[in-house]
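Have a look at model24.cif; it's mmCIF, C-alpha atoms (C1' of nucleotides):
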data_protein
loop_
_atom_site.group_PDB
_atom_site.id
_atom_site.type_symbol
_atom_site.label_atom_id
_atom_site.label_comp_id
_atom_site.auth_asym_id
_atom_site.auth_seq_id
_atom_site.Cartn_x
_atom_site.Cartn_y
_atom_site.Cartn_z
ATOM 1 C CA MET L 1 -139.667 98.200 -268.893
ATOM 2 C CA GLN L 2 -141.706 100.645 -266.835
ATOM 3 C CA ALA L 3 -142.340 100.042 -263.193
ATOM 4 C CA LEU L 4 -145.513 98.321 -262.123
ATOM 5 C CA ASP L 5 -146.764 100.763 -259.505
ATOM 6 C CA GLU L 6 -150.088 101.560 -257.907
ATOM 7 C CA ASP L 7 -151.104 104.009 -260.579
ATOM 8 C CA ARG L 8 -150.481 101.736 -263.523
ATOM 9 C CA LEU L 9 -152.203 98.866 -261.742
ATOM 10 C CA ALA L 10 -155.230 101.057 -261.064
ATOM 11 C CA LEU L 11 -155.299 102.140 -264.698
ATOM 12 C CA LEU L 12 -155.112 98.557 -265.854
ATOM 13 C CA PHE L 13 -157.965 97.546 -263.594
ATOM 14 C CA GLN L 14 -160.004 100.490 -264.745
ATOM 15 C CA ALA L 15 -159.447 99.693 -268.397
ATOM 16 C CA LEU L 16 -160.291 96.018 -268.041
ATOM 17 C CA SER L 17 -163.239 96.715 -265.803
ATOM 18 C CA GLY L 18 -164.644 99.216 -268.258
ATOM 19 C CA ALA L 19 -164.209 96.804 -271.136
ATOM 20 C CA TYR L 20 -165.566 93.643 -269.553
ATOM 21 C CA GLY L 21 -167.635 94.678 -266.572
ATOM 22 C CA LYS L 22 -168.036 92.822 -263.334
ATOM 23 C CA GLN L 23 -166.849 89.219 -263.441
ATOM 24 C CA ASP L 24 -167.898 87.973 -260.041
ATOM 25 C CA TRP L 25 -165.568 84.986 -259.910
ATOM 26 C CA TRP L 26 -165.024 82.116 -259.145
ATOM 27 C CA PRO L 27 -167.883 80.183 -260.715
ATOM 28 C CA GLY L 28 -168.968 77.618 -258.140
ATOM 29 C CA ASN L 29 -171.421 77.321 -255.308
ATOM 30 C CA THR L 30 -169.247 76.092 -252.475
ATOM 31 C CA ALA L 31 -165.645 76.497 -251.383
ATOM 32 C CA PHE L 32 -165.075 72.819 -252.021
ATOM 33 C CA GLU L 33 -166.430 73.017 -255.537
ATOM 34 C CA ILE L 34 -164.177 75.973 -256.242
ATOM 35 C CA CYS L 35 -161.180 73.924 -255.147
ATOM 36 C CA ILE L 36 -162.143 71.030 -257.388
ATOM 37 C CA GLY L 37 -162.628 73.450 -260.259
ATOM 38 C CA ALA L 38 -159.174 74.898 -259.669
ATOM 39 C CA ILE L 39 -157.656 71.435 -260.051
ATOM 40 C CA LEU L 40 -159.742 70.422 -263.041
ATOM 41 C CA VAL L 41 -159.016 73.584 -265.001
ATOM 42 C CA GLN L 42 -155.249 73.040 -264.918
ATOM 43 C CA ASN L 43 -153.973 73.465 -268.461
ATOM 44 C CA THR L 44 -157.529 73.033 -269.706
ATOM 45 C CA SER L 45 -160.270 75.256 -271.058
ATOM 46 C CA TRP L 46 -162.919 76.180 -268.533
ATOM 47 C CA ALA L 47 -165.555 74.690 -270.842
ATOM 48 C CA ASN L 48 -164.004 71.244 -270.464
ATOM 49 C CA ALA L 49 -163.451 71.607 -266.731
ATOM 50 C CA ALA L 50 -167.066 72.720 -266.339
ATOM 51 C CA ARG L 51 -168.281 69.591 -268.097
ATOM 52 C CA ALA L 52 -166.544 67.424 -265.542
ATOM 53 C CA ILE L 53 -167.882 69.570 -262.711
ATOM 54 C CA GLU L 54 -171.401 69.183 -264.043
ATOM 55 C CA ARG L 55 -171.025 65.423 -264.187
ATOM 56 C CA ILE L 56 -169.999 65.409 -260.532
ATOM 57 C CA ARG L 57 -172.877 67.627 -259.508
ATOM 58 C CA ARG L 58 -175.526 65.762 -261.447
ATOM 59 C CA ARG L 59 -174.620 62.635 -259.538
ATOM 60 C CA ASP L 60 -174.625 64.545 -256.283
ATOM 61 C CA LEU L 61 -170.973 63.691 -255.646
ATOM 62 C CA MET L 62 -169.585 67.180 -255.049
ATOM 63 C CA GLN L 63 -168.371 66.335 -251.553
ATOM 64 C CA PRO L 64 -164.983 65.017 -250.449
ATOM 65 C CA GLY L 65 -166.366 61.867 -248.866
ATOM 66 C CA ALA L 66 -168.475 60.981 -251.871
ATOM 67 C CA LEU L 67 -165.572 61.420 -254.288
ATOM 68 C CA LEU L 68 -163.271 59.375 -252.077
ATOM 69 C CA ASP L 69 -165.765 56.535 -251.958
ATOM 70 C CA LEU L 70 -165.618 56.083 -255.713
ATOM 71 C CA GLU L 71 -163.440 53.449 -257.274
ATOM 72 C CA PRO L 72 -160.379 55.076 -258.852
ATOM 73 C CA ALA L 73 -161.537 53.982 -262.296
ATOM 74 C CA SER L 74 -164.974 55.488 -261.701
ATOM 75 C CA LEU L 75 -163.529 58.799 -260.623
ATOM 76 C CA GLU L 76 -161.269 58.840 -263.652
ATOM 77 C CA ASP L 77 -164.196 58.209 -265.931
ATOM 78 C CA LEU L 78 -166.161 60.951 -264.237
ATOM 79 C CA LEU L 79 -163.410 63.460 -264.911
ATOM 80 C CA ARG L 80 -162.721 62.387 -268.474
ATOM 81 C CA PRO L 81 -164.080 65.527 -270.185
ATOM 82 C CA ALA L 82 -161.569 67.657 -268.305
ATOM 83 C CA GLY L 83 -158.601 65.952 -269.945
ATOM 84 C CA CYS L 84 -155.539 64.570 -268.143
ATOM 85 C CA TYR L 85 -158.176 62.669 -266.221
ATOM 86 C CA ARG L 86 -155.942 60.083 -264.600
ATOM 87 C CA GLN L 87 -153.664 62.714 -263.124
ATOM 88 C CA LYS L 88 -156.596 64.846 -262.097
ATOM 89 C CA ALA L 89 -158.414 61.958 -260.468
ATOM 90 C CA ARG L 90 -155.405 61.370 -258.288
ATOM 91 C CA ARG L 91 -155.086 65.063 -257.475
ATOM 92 C CA VAL L 92 -158.744 65.330 -256.583
ATOM 93 C CA SER L 93 -158.408 62.310 -254.293
ATOM 94 C CA VAL L 94 -155.388 63.753 -252.552
ATOM 95 C CA PHE L 95 -157.203 67.034 -252.036
ATOM 96 C CA CYS L 96 -160.334 65.343 -250.694
ATOM 97 C CA ARG L 97 -158.255 63.346 -248.259
ATOM 98 C CA TRP L 98 -156.623 66.520 -247.013
ATOM 99 C CA TRP L 99 -159.964 68.283 -246.755
ATOM 100 C CA LEU L 100 -161.397 65.544 -244.562
ATOM 101 C CA ASP L 101 -158.292 65.088 -242.438
ATOM 102 C CA ALA L 102 -157.174 68.645 -241.867
ATOM 103 C CA ARG L 103 -160.166 70.745 -242.468
ATOM 104 C CA LEU L 104 -162.971 69.088 -240.626
ATOM 105 C CA PRO L 105 -165.057 70.200 -237.622
ATOM 106 C CA SER L 106 -163.015 71.420 -234.748
ATOM 107 C CA GLN L 107 -159.937 73.176 -235.934
ATOM 108 C CA ALA L 108 -157.921 75.934 -234.419
ATOM 109 C CA PRO L 109 -158.534 79.435 -235.758
ATOM 110 C CA ASP L 110 -157.694 79.738 -239.416
ATOM 111 C CA PRO L 111 -153.981 79.594 -240.057
ATOM 112 C CA ASP L 112 -152.371 82.620 -241.600
ATOM 113 C CA THR L 113 -152.307 82.732 -245.349
ATOM 114 C CA GLY L 114 -148.638 81.839 -245.635
ATOM 115 C CA ALA L 115 -149.037 78.683 -243.583
ATOM 116 C CA LEU L 116 -152.147 77.636 -245.457
ATOM 117 C CA ARG L 117 -150.386 78.253 -248.733
ATOM 118 C CA ALA L 118 -147.482 76.065 -247.687
ATOM 119 C CA VAL L 119 -149.835 73.239 -246.794
ATOM 120 C CA LEU L 120 -151.625 73.470 -250.124
ATOM 121 C CA LEU L 121 -148.333 73.470 -252.002
ATOM 122 C CA SER L 122 -147.288 70.329 -250.179
ATOM 123 C CA LEU L 123 -150.234 68.438 -251.694
ATOM 124 C CA HIS L 124 -149.461 66.412 -254.777
ATOM 125 C CA GLY L 125 -150.893 68.164 -257.804
ATOM 126 C CA ILE L 126 -151.294 71.593 -256.260
ATOM 127 C CA GLY L 127 -148.780 74.085 -257.603
ATOM 128 C CA PRO L 128 -148.518 77.828 -257.063
ATOM 129 C CA GLU L 129 -151.303 78.900 -259.381
ATOM 130 C CA THR L 130 -153.791 76.325 -258.199
ATOM 131 C CA ALA L 131 -152.926 77.060 -254.579
ATOM 132 C CA ASP L 132 -153.416 80.778 -255.084
ATOM 133 C CA CYS L 133 -156.750 80.317 -256.835
ATOM 134 C CA ILE L 134 -157.916 78.215 -253.909
ATOM 135 C CA LEU L 135 -156.614 80.710 -251.360
ATOM 136 C CA LEU L 136 -158.239 83.636 -253.105
ATOM 137 C CA TYR L 137 -161.542 82.293 -254.322
ATOM 138 C CA ALA L 138 -162.333 79.471 -251.910
ATOM 139 C CA PHE L 139 -160.796 80.858 -248.726
ATOM 140 C CA GLY L 140 -161.075 84.578 -249.377
ATOM 141 C CA ARG L 141 -157.419 85.372 -248.788
ATOM 142 C CA ALA L 142 -155.824 88.452 -250.311
ATOM 143 C CA VAL L 143 -153.677 86.709 -252.916
ATOM 144 C CA PHE L 144 -152.735 87.743 -256.423
ATOM 145 C CA VAL L 145 -152.897 84.877 -258.899
ATOM 146 C CA VAL L 146 -150.189 84.825 -261.546
ATOM 147 C CA ASP L 147 -151.198 82.633 -264.446
ATOM 148 C CA ALA L 148 -150.310 82.365 -268.116
ATOM 149 C CA TYR L 149 -152.685 85.190 -269.044
ATOM 150 C CA THR L 150 -151.179 87.448 -266.410
ATOM 151 C CA ARG L 151 -147.654 86.842 -267.631
ATOM 152 C CA ARG L 152 -148.614 87.484 -271.232
ATOM 153 C CA LEU L 153 -150.539 90.648 -270.505
ATOM 154 C CA LEU L 154 -147.999 92.239 -268.186
ATOM 155 C CA SER L 155 -145.174 91.247 -270.493
ATOM 156 C CA ARG L 156 -147.022 92.676 -273.456
ATOM 157 C CA LEU L 157 -147.680 95.926 -271.640
ATOM 158 C CA GLY L 158 -144.037 96.126 -270.643
ATOM 159 C CA LEU L 159 -144.943 96.162 -266.968
ATOM 160 C CA ALA L 160 -143.283 92.953 -265.825
ATOM 161 C CA GLN L 161 -141.299 90.013 -267.056
ATOM 162 C CA VAL L 162 -142.089 86.728 -265.409
ATOM 163 C CA PRO L 163 -139.596 84.107 -266.532
ATOM 164 C CA PRO L 164 -140.450 80.518 -265.669
ATOM 165 C CA GLY L 165 -139.512 79.434 -262.212
ATOM 166 C CA ARG L 166 -140.930 79.925 -258.773
ATOM 167 C CA ARG L 167 -138.696 82.842 -257.866
ATOM 168 C CA ALA L 168 -140.118 85.252 -260.388
ATOM 169 C CA TYR L 169 -143.622 84.031 -259.680
ATOM 170 C CA GLU L 170 -143.353 84.799 -255.981
ATOM 171 C CA SER L 171 -141.707 88.109 -256.684
ATOM 172 C CA LEU L 172 -144.517 89.376 -258.883
ATOM 173 C CA ARG L 173 -147.210 87.950 -256.649
ATOM 174 C CA THR L 174 -145.948 89.601 -253.474
ATOM 175 C CA HIS L 175 -145.267 92.818 -255.303
ATOM 176 C CA VAL L 176 -148.811 93.156 -256.565
ATOM 177 C CA GLU L 177 -150.183 92.089 -253.212
ATOM 178 C CA SER L 178 -148.211 94.832 -251.517
ATOM 179 C CA LEU L 179 -149.515 97.371 -254.036
ATOM 180 C CA ILE L 180 -153.137 96.387 -253.547
ATOM 181 C CA GLY L 181 -153.243 95.433 -249.910
ATOM 182 C CA PRO L 182 -155.697 93.128 -248.149
ATOM 183 C CA GLN L 183 -158.574 93.335 -250.615
ATOM 184 C CA PRO L 184 -159.647 89.861 -251.692
ATOM 185 C CA ALA L 185 -162.608 91.141 -253.674
ATOM 186 C CA TYR L 186 -160.429 93.499 -255.671
ATOM 187 C CA LEU L 187 -157.774 90.851 -256.280
ATOM 188 C CA GLY L 188 -160.446 88.409 -257.332
ATOM 189 C CA GLU L 189 -161.894 90.811 -259.853
ATOM 190 C CA LEU L 190 -158.453 91.731 -261.155
ATOM 191 C CA HIS L 191 -157.472 88.165 -261.927
ATOM 192 C CA ALA L 192 -160.868 87.385 -263.428
ATOM 193 C CA LEU L 193 -160.623 90.431 -265.669
ATOM 194 C CA ILE L 194 -157.142 89.485 -266.825
ATOM 195 C CA VAL L 195 -158.360 86.016 -267.762
ATOM 196 C CA GLU L 196 -161.433 87.357 -269.506
ATOM 197 C CA HIS L 197 -159.287 89.745 -271.467
ATOM 198 C CA GLY L 198 -156.911 86.939 -272.285
ATOM 199 C CA LYS L 199 -159.691 84.995 -273.929
ATOM 200 C CA GLN L 200 -160.507 87.819 -276.294
ATOM 201 C CA VAL L 201 -159.009 88.037 -279.728
ATOM 202 C CA CYS L 202 -155.986 90.217 -280.191
ATOM 203 C CA ARG L 203 -156.836 93.359 -282.122
ATOM 204 C CA ALA L 204 -153.525 95.051 -281.565
ATOM 205 C CA ARG L 205 -151.772 96.736 -284.461
ATOM 206 C CA PRO L 206 -149.062 95.847 -285.013
ATOM 207 C CA LEU L 207 -149.455 92.379 -283.656
ATOM 208 C CA CYS L 208 -147.386 91.592 -280.633
ATOM 209 C CA GLU L 209 -144.500 89.195 -280.810
ATOM 210 C CA ARG L 210 -146.473 86.205 -279.652
ATOM 211 C CA CYS L 211 -149.332 86.787 -282.014
ATOM 212 C CA GLN L 212 -147.019 86.908 -284.987
ATOM 213 C CA LEU L 213 -145.615 83.564 -284.056
ATOM 214 C CA ARG L 214 -148.898 81.743 -283.643
ATOM 215 C CA THR L 215 -151.738 80.777 -285.879
ATOM 216 C CA GLN L 216 -154.118 81.079 -282.992
ATOM 217 C CA CYS L 217 -153.772 84.329 -281.167
ATOM 218 C CA PRO L 218 -153.848 83.783 -277.406
ATOM 219 C CA TYR L 219 -154.991 87.307 -276.683
ATOM 220 C "C1'" DA B 1 -153.682 68.077 -289.301
ATOM 221 C "C1'" DC B 2 -152.231 70.949 -286.208
ATOM 222 C "C1'" DC B 3 -152.577 74.436 -282.176
ATOM 223 C "C1'" DC B 4 -154.339 75.626 -277.846
ATOM 224 C "C1'" DA B 5 -156.255 75.638 -273.066
ATOM 225 C "C1'" DG B 6 -157.342 79.633 -266.295
ATOM 226 C "C1'" DG B 7 -150.513 73.640 -264.704
ATOM 227 C "C1'" DG B 8 -147.878 70.312 -262.341
ATOM 228 C "C1'" DT B 9 -144.663 66.463 -261.855
ATOM 229 C "C1'" DC B 10 -140.792 64.064 -262.996
ATOM 230 C "C1'" DA B 11 -136.396 62.952 -265.209
ATOM 231 C "C1'" DT B 12 -132.268 65.008 -266.971
ATOM 232 C "C1'" DA B 13 -128.024 68.183 -267.302
ATOM 233 C "C1'" DT G 1 -131.865 76.349 -261.881
ATOM 234 C "C1'" DA G 2 -133.842 75.324 -265.970
ATOM 235 C "C1'" DT G 3 -135.432 72.978 -269.760
ATOM 236 C "C1'" DG G 4 -138.351 69.032 -271.936
ATOM 237 C "C1'" DA G 5 -141.664 65.096 -271.960
ATOM 238 C "C1'" DC G 6 -145.869 63.854 -270.459
ATOM 239 C "C1'" DC G 7 -150.671 64.055 -269.395
ATOM 240 C "C1'" DA G 8 -155.597 63.989 -272.673
ATOM 241 C "C1'" DT G 9 -160.136 66.103 -273.818
ATOM 242 C "C1'" DG G 10 -162.763 69.285 -276.865
ATOM 243 C "C1'" DG G 11 -162.798 73.558 -279.720
ATOM 244 C "C1'" DG G 12 -160.726 76.549 -283.347
#
Mind turning this structure into structure tokens?
Amino acid sequence: MQALDEDRLALLFQALSGAYGKQDWWPGNTAFEICIGAILVQNTSWANAARAIERIRRRDLMQPGALLDLEPASLEDLLRPAGCYRQKARRVSVFCRWWLDARLPSQAPDPDTGALRAVLLSLHGIGPETADCILLYAFGRAVFVVDAYTRRLLSRLGLAQVPPGRRAYESLRTHVESLIGPQPAYLGELHALIVEHGKQVCRARPLCERCQLRTQCPY
DNA sequence: ACCCAGGGTCATA
DNA sequence: TATGACCATGGG
């Protein structure tokens, strides 16, 4: 296992960037919509999450107050294409409530990223990866998002092992953040590129361990 | 007829 | 701390 240092990270970014070009994430017009997207895409393809987002937008409901005014059953039905729609309806409601309560007009200067992250994590249905996506793409904080694609890629490249559990997650996240520094745009591109690469078909020879074990290659 | 997807919560041990 | 069940739709 080689060390994940600045040079290797820069090489990785360069390779992915050259292969896939500029990603310009996160898809979404407003910070609020990005947050909703981050919840809806949990363990779901973006295509399905996007369907639910479109249904919200077409009805002009992409605002916390409008979503909260819906009957629970209506909200669930609205989110159906995203899968896990009952859970997600509840999570969206909780987030909207927080948005209206804590994030409305007059608020003290933005809290530091750590404090904001802790608040997000305290919300039901917001775990580390969703919180970090929101911090990075909706709030512009310099956060590195560790998701399934990131674990697979770094593991496959022999740059990092990220066993399940919050400890290892935090360790890798802070490590990469310290390597890159306060550059939200760079971190945003990096994560987007990793995901884009993850969607591509694995052309490695020989096939990596995971690919050999699966009918559908996740790379 | 599976397997998978840009996770998270909850119950167990 | 760390597994496993569960959620649920749409595409391969």
For chain L, report every residue with an atom at most 6 Å from chain G (counting only C-alpha atoms (C1' of nucleotides)), formatted as a PyMOL selection string.
chain L and resi 81-84
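When atom CA of L:Ile56 is paired with atom CA of L:Leu79, their separation reads 8.1 Å.
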Quick one: which residues end up in the PyMOL selection byres ((chain L) within 12 of (chain B)) for this structure, as a PDB file with C-alpha atoms, keeping the file's coordinate frame?
ATOM      1  CA  TRP L  25    -165.568  84.986-259.910  1.00  0.00           C
ATOM      2  CA  TRP L  26    -165.024  82.116-259.145  1.00  0.00           C
ATOM      3  CA  PRO L  27    -167.883  80.183-260.715  1.00  0.00           C
ATOM      4  CA  GLY L  37    -162.628  73.450-260.259  1.00  0.00           C
ATOM      5  CA  ALA L  38    -159.174  74.898-259.669  1.00  0.00           C
ATOM      6  CA  ILE L  39    -157.656  71.435-260.051  1.00  0.00           C
ATOM      7  CA  LEU L  40    -159.742  70.422-263.041  1.00  0.00           C
ATOM      8  CA  VAL L  41    -159.016  73.584-265.001  1.00  0.00           C
ATOM      9  CA  GLN L  42    -155.249  73.040-264.918  1.00  0.00           C
ATOM     10  CA  ASN L  43    -153.973  73.465-268.461  1.00  0.00           C
ATOM     11  CA  THR L  44    -157.529  73.033-269.706  1.00  0.00           C
ATOM     12  CA  SER L  45    -160.270  75.256-271.058  1.00  0.00           C
ATOM     13  CA  TRP L  46    -162.919  76.180-268.533  1.00  0.00           C
ATOM     14  CA  ALA L  47    -165.555  74.690-270.842  1.00  0.00           C
ATOM     15  CA  ASN L  48    -164.004  71.244-270.464  1.00  0.00           C
ATOM     16  CA  ALA L  49    -163.451  71.607-266.731  1.00  0.00           C
ATOM     17  CA  ALA L  50    -167.066  72.720-266.339  1.00  0.00           C
ATOM     18  CA  ALA L  82    -161.569  67.657-268.305  1.00  0.00           C
ATOM     19  CA  GLY L  83    -158.601  65.952-269.945  1.00  0.00           C
ATOM     20  CA  CYS L  84    -155.539  64.570-268.143  1.00  0.00           C
ATOM     21  CA  GLN L  87    -153.664  62.714-263.124  1.00  0.00           C
ATOM     22  CA  LYS L  88    -156.596  64.846-262.097  1.00  0.00           C
ATOM     23  CA  ARG L  91    -155.086  65.063-257.475  1.00  0.00           C
ATOM     24  CA  LEU L 121    -148.333  73.470-252.002  1.00  0.00           C
ATOM     25  CA  LEU L 123    -150.234  68.438-251.694  1.00  0.00           C
ATOM     26  CA  HIS L 124    -149.461  66.412-254.777  1.00  0.00           C
ATOM     27  CA  GLY L 125    -150.893  68.164-257.804  1.00  0.00           C
ATOM     28  CA  ILE L 126    -151.294  71.593-256.260  1.00  0.00           C
ATOM     29  CA  GLY L 127    -148.780  74.085-257.603  1.00  0.00           C
ATOM     30  CA  PRO L 128    -148.518  77.828-257.063  1.00  0.00           C
ATOM     31  CA  GLU L 129    -151.303  78.900-259.381  1.00  0.00           C
ATOM     32  CA  THR L 130    -153.791  76.325-258.199  1.00  0.00           C
ATOM     33  CA  ALA L 131    -152.926  77.060-254.579  1.00  0.00           C
ATOM     34  CA  ASP L 132    -153.416  80.778-255.084  1.00  0.00           C
ATOM     35  CA  CYS L 133    -156.750  80.317-256.835  1.00  0.00           C
ATOM     36  CA  VAL L 145    -152.897  84.877-258.899  1.00  0.00           C
ATOM     37  CA  VAL L 146    -150.189  84.825-261.546  1.00  0.00           C
ATOM     38  CA  ASP L 147    -151.198  82.633-264.446  1.00  0.00           C
ATOM     39  CA  ALA L 148    -150.310  82.365-268.116  1.00  0.00           C
ATOM     40  CA  TYR L 149    -152.685  85.190-269.044  1.00  0.00           C
ATOM     41  CA  THR L 150    -151.179  87.448-266.410  1.00  0.00           C
ATOM     42  CA  HIS L 191    -157.472  88.165-261.927  1.00  0.00           C
ATOM     43  CA  ALA L 192    -160.868  87.385-263.428  1.00  0.00           C
ATOM     44  CA  LEU L 193    -160.623  90.431-265.669  1.00  0.00           C
ATOM     45  CA  ILE L 194    -157.142  89.485-266.825  1.00  0.00           C
ATOM     46  CA  VAL L 195    -158.360  86.016-267.762  1.00  0.00           C
ATOM     47  CA  GLU L 196    -161.433  87.357-269.506  1.00  0.00           C
ATOM     48  CA  HIS L 197    -159.287  89.745-271.467  1.00  0.00           C
ATOM     49  CA  GLY L 198    -156.911  86.939-272.285  1.00  0.00           C
ATOM     50  CA  LYS L 199    -159.691  84.995-273.929  1.00  0.00           C
ATOM     51  CA  LEU L 213    -145.615  83.564-284.056  1.00  0.00           C
ATOM     52  CA  ARG L 214    -148.898  81.743-283.643  1.00  0.00           C
ATOM     53  CA  THR L 215    -151.738  80.777-285.879  1.00  0.00           C
ATOM     54  CA  GLN L 216    -154.118  81.079-282.992  1.00  0.00           C
ATOM     55  CA  CYS L 217    -153.772  84.329-281.167  1.00  0.00           C
ATOM     56  CA  PRO L 218    -153.848  83.783-277.406  1.00  0.00           C
ATOM     57  CA  TYR L 219    -154.991  87.307-276.683  1.00  0.00           C
TER      58      TYR L 219
END
With all atoms listed in the file as the counted atoms, please give the residues lying no more than 10 Å from L:Gln2, apart from itself and same-chain residues fewer than 2 positions off, as a CSV table (one decimal) with C-alpha atoms, keeping the file's coordinate frame.
chain,number,residue,atom,x,y,z
L,4,LEU,CA,-145.5,98.3,-262.1
L,5,ASP,CA,-146.8,100.8,-259.5
L,8,ARG,CA,-150.5,101.7,-263.5
L,157,LEU,CA,-147.7,95.9,-271.6
L,158,GLY,CA,-144.0,96.1,-270.6
L,159,LEU,CA,-144.9,96.2,-267.0
L,160,ALA,CA,-143.3,93.0,-265.8
Quick one: apply the PyMOL selection byres ((chain L and resi 93) around 10) to the file and drop the selected residues here as an MDAnalysis selection string.
chainID L and resid 36 64:65 67:70 72 75 88:92 94:99 124
Hey, can you check how far atom CA of L:Leu187 sits from atom CA of L:Tyr137?
9.6 Å
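You will find atom CA of L:Tyr186 at 10.8 Å from atom CA of L:Lys22.
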For the PyMOL selection byres ((chain L and resi 170-174) around 8), applied here, can you spell out every residue it catches as a PyMOL selection string?
chain L and resi 143-146+160+162+166-169+175-178
Since fewer atoms than expected are present, regenerate N, CA, C and O atoms for stretch 7-22 of chain L and write them as a short mmCIF file (atom, residue, chain, number, x, y, z; two decimals), in the frame of the given file.
data_model
loop_
_atom_site.label_atom_id
_atom_site.label_comp_id
_atom_site.auth_asym_id
_atom_site.auth_seq_id
_atom_site.Cartn_x
_atom_site.Cartn_y
_atom_site.Cartn_z
N ASP L 7 -150.35 103.27 -259.57
CA ASP L 7 -151.10 104.01 -260.58
C ASP L 7 -151.35 103.17 -261.83
O ASP L 7 -152.47 103.13 -262.34
N ARG L 8 -150.32 102.53 -262.30
CA ARG L 8 -150.48 101.74 -263.52
C ARG L 8 -151.41 100.55 -263.28
O ARG L 8 -152.16 100.14 -264.15
N LEU L 9 -151.31 99.99 -262.08
CA LEU L 9 -152.20 98.87 -261.74
C LEU L 9 -153.66 99.33 -261.71
O LEU L 9 -154.57 98.67 -262.22
N ALA L 10 -153.87 100.51 -261.13
CA ALA L 10 -155.23 101.06 -261.06
C ALA L 10 -155.76 101.35 -262.47
O ALA L 10 -156.92 101.08 -262.76
N LEU L 11 -154.89 101.86 -263.33
CA LEU L 11 -155.30 102.14 -264.70
C LEU L 11 -155.66 100.86 -265.43
O LEU L 11 -156.64 100.81 -266.18
N LEU L 12 -154.85 99.84 -265.22
CA LEU L 12 -155.11 98.56 -265.85
C LEU L 12 -156.46 98.00 -265.41
O LEU L 12 -157.27 97.57 -266.23
N PHE L 13 -156.69 98.04 -264.11
CA PHE L 13 -157.96 97.55 -263.59
C PHE L 13 -159.13 98.33 -264.18
O PHE L 13 -160.14 97.77 -264.59
N GLN L 14 -158.95 99.62 -264.23
CA GLN L 14 -160.00 100.49 -264.74
C GLN L 14 -160.32 100.17 -266.20
O GLN L 14 -161.48 100.07 -266.60
N ALA L 15 -159.26 99.99 -266.97
CA ALA L 15 -159.45 99.69 -268.40
C ALA L 15 -160.15 98.36 -268.59
O ALA L 15 -161.11 98.24 -269.37
N LEU L 16 -159.69 97.35 -267.89
CA LEU L 16 -160.29 96.02 -268.04
C LEU L 16 -161.72 96.01 -267.52
O LEU L 16 -162.63 95.43 -268.13
N SER L 17 -161.91 96.68 -266.40
CA SER L 17 -163.24 96.72 -265.80
C SER L 17 -164.24 97.41 -266.72
O SER L 17 -165.38 96.97 -266.88
N GLY L 18 -163.78 98.50 -267.33
CA GLY L 18 -164.64 99.22 -268.26
C GLY L 18 -164.97 98.40 -269.49
O GLY L 18 -166.06 98.47 -270.04
N ALA L 19 -164.02 97.59 -269.92
CA ALA L 19 -164.21 96.80 -271.14
C ALA L 19 -165.07 95.57 -270.90
O ALA L 19 -165.85 95.18 -271.77
N TYR L 20 -164.92 94.95 -269.76
CA TYR L 20 -165.57 93.64 -269.55
C TYR L 20 -166.59 93.61 -268.43
O TYR L 20 -167.31 92.62 -268.29
N GLY L 21 -166.64 94.65 -267.63
CA GLY L 21 -167.64 94.68 -266.57
C GLY L 21 -167.31 93.74 -265.42
O GLY L 21 -166.25 93.15 -265.36
N LYS L 22 -168.27 93.63 -264.52
CA LYS L 22 -168.04 92.82 -263.33
C LYS L 22 -168.00 91.33 -263.68
O LYS L 22 -168.87 90.84 -264.39
#
